[in-house]
Protein chains: 2
Amino acid sequence: MSKQAEFAVILKMNPMFADLGADELQRLANLCHTQHLANGEVLFQKGDPGDALFGVRRGQIRIETGASDGSRLTLNFMGPGDLFGEVAVLDGQNRTADATAGEASELFVLRREDFLAFLEREPKVAIKIIMLLCQRIRWQSERMEESMLQPLPVRLARRLCALAADYGSEVHISQEQLGVFVGAARESVNRQLQAWRKEAILDLQRGRILLKNMTKLTSIARNE
Amino acid sequence: MSKQAEFAVILKMNPMFADLGADELQRLANLCHTQHLANGEVLFQKGDPGDALFGVRRGQIRIETGASDGSRLTLNFMGPGDLFGEVAVLDGQNRTADATAGEASELFVLRREDFLAFLEREPKVAIKIIMLLCQRIRWQSERMEESMLQPLPVRLARRLCALAADYGSEVHISQEQLGVFVGAARESVNRQLQAWRKEAILDLQRGRILLKNMTKLTSIARNE
DNA sequence: AAAGTTATGTGACTTATGACACACTTCCTC
DNA sequence: GAGGAAGTGTGTCATAAGTCACATAACTTT
């Protein structure tokens with residue numbers, strides 16, 4: 001399979017591009033380049049202009065941000081097939097976090113100027129993108145308002161479910177980082193996780209959480 | 001001034017259309033119609049397809065929603081110069097609230113099909129819209145995550161400042177509705193307002209709040 | 001293997017806010 | 001103007017979650 005065809009598949013999996021037609025998608029994918037990164041190499045830093053969209057072909061990219069105390073907090077891991085920077089490529093605003101290769105990686109790169117020129121050539125695609133962005137706005141405002149008002153167990157369960165969707169039942173994350181994600185103190189996170197361990201919903205190891213009962217967890221996430 | 005020119009001015013005031021060129025803006029405004037509503041007349045209801053964007057020429061439109069207990073809660077008042085349904089007109093999704101005329105009103109109406117055809121004719125405008133939507137997405141995700149984690153006084157101050165921007169220093173809203181806005185219990189809202197009254201930041205009347213010290217209020221909103 | 005560093009577990013305390021209960025006021029309606 | 005509805009003011013209590021303090025466990029470095 002060609003590089004471009006491979007990229008088209010990745011684009012297709014992202015909700016943002018999911019309902020483009022196969023032909024449109026392929027023409028878009030044809031604009032991509034590839035880029036190699038060595039382990040530890042920096043892809044971009046907070047404040048850099050958002051001049052491209054990236055897809056992970058192989059390897060791992062860490063999205064992280066410097067915390068106020070100088071320590072670094074990982075916000076997300078992007079693995080093969082994941083796409084990131086979709087919004088940045090459209091509006092060109094500065095990056096809000098750093099991205100570093102967690103291992104030797106190869107990325108698909110779709111440059112902003114190429115993408116914009118494409119949209120100008122294909123206004124029907126631009127309109128589809130507009131609709132998708134609108135959906136995202138609605139979805140965000142519905143979810144957010146609701147989500148942050150939920151009690152901690154619900155927020156925590158939701159985040160764990162989301163992580164599980166990416167990594168399977170073995171989530172590799174520290175409780176401190178989990179706390180940052182859900183906007184809670186580390187201790188509170190720990191206490192809730194302990195409670196769930198006693199109910200056999202999950203198991204805990206250093207830097208790792210093993211989800212044992214996703215059924216129960218998702219029902220908590222739905223707030224019963 | 002022609003109807004269309006008047007509408008162009010309203011569009012221009014909305015961030016969503018603010019940086020369109022004067023010519024593009026005028027061509028867009030030329031697509032508008034007008035519609036008259038008698039006092040109490042229903043413009044649309046929750047669940048109706050979002051097939052138009054509205055601007056208030058004169059009168060008042062209330063955006064409200066039926067609460068679970070059957071009572072109605074007013075979510076927003078739109079006065080002359082206000083624009084609403086910008087997102088609906090783009091993505092065509094169903095309305096999420098009801099809109100009713102609070103008095104005899106005249107509206108500018110920009111129909112979805114006209115707007116989409118316009119975007120297809122003018123891809124450069126479509127791209128500008130895309131960027132604006134992206135900004136909105138960023139803005140939302142930054143604000144939301146941050147905002148809901150703030151303590152109640154901050155959320156309350158922010159909402160009051162926002163309302164003041166629309167209505168001046170005399171905000172006409174019940175404490176119960178204010179509670180809905182900021183996601184808090186009526187009693188908590190009341191207690192905070194009382195505290196501020198004692199500090200001479202504001203004054204309270206039935207169904208009305210008089211902001212007396214916006215400087216202090218905005219500094220609270222910024223979380224000191 | 002000793003020492004240091006990071007992650008986790010847990011108790012004691014504090015604080016913010018929600019929940020309930022009820023008094024009081026204003027306004028509306030008949 | 002009597003009665004009711006809606007809005008407001010306040011006390012009491014319960015609870016969720018943050019904070020602080022420290023113990024313990026697990027990896028790392030030398």
# chains A, B, ... in the order shown; residues from 1 in each chain; ligands from 1
$ select_by_dssp --residues "chain A" --states "alpha helix (DSSP H)" --output "JSON, numbers by chain"
{"A": [3, 4, 5, 6, 7, 8, 9, 10, 11, 12, 13, 22, 23, 24, 25, 26, 27, 28, 29, 86, 87, 88, 89, 90, 91, 112, 113, 114, 115, 116, 117, 118, 119, 120, 121, 123, 124, 125, 126, 127, 128, 129, 130, 131, 132, 133, 134, 135, 136, 137, 138, 139, 140, 141, 142, 143, 144, 145, 146, 147, 148, 149, 152, 153, 154, 155, 156, 157, 158, 159, 160, 161, 162, 163, 164, 165, 166, 167, 175, 176, 177, 178, 179, 180, 181, 182, 186, 187, 188, 189, 190, 191, 192, 193, 194, 195, 196, 197, 198, 214, 215, 216, 217, 218, 219, 220, 221]}
$ interface_residues --of "chain B" --to "chain A" --cutoff "10 Å" --atoms "only C-alpha atoms" --output "ChimeraX atom specification"
/B:86-93,96,116-117,119-138,140-141,144-149,182-184
$ residues_around --residues "DT5 in chain C" --least-positions-apart "5" --cutoff "10 Å" --atoms "only C-alpha atoms (C1' of nucleotides)" --output "list in words"
DC27, DT28 and DT29 of chain D
$ closest_residue --among "C:DG9, C:DA23, C:DT14, C:DG4" --to "DA17 in chain D" --atoms "only C-alpha atoms (C1' of nucleotides)"
C:DT14
$ atom_distance --atom1 "CA of His172 in chain A" --atom2 "CA of Glu142 in chain A"
28.9 Å
$ interface_residues --of "chain D" --to "chain B" --cutoff "9 Å" --atoms "only C-alpha atoms (C1' of nucleotides)" --output "number ranges by chain"
D: 7-10
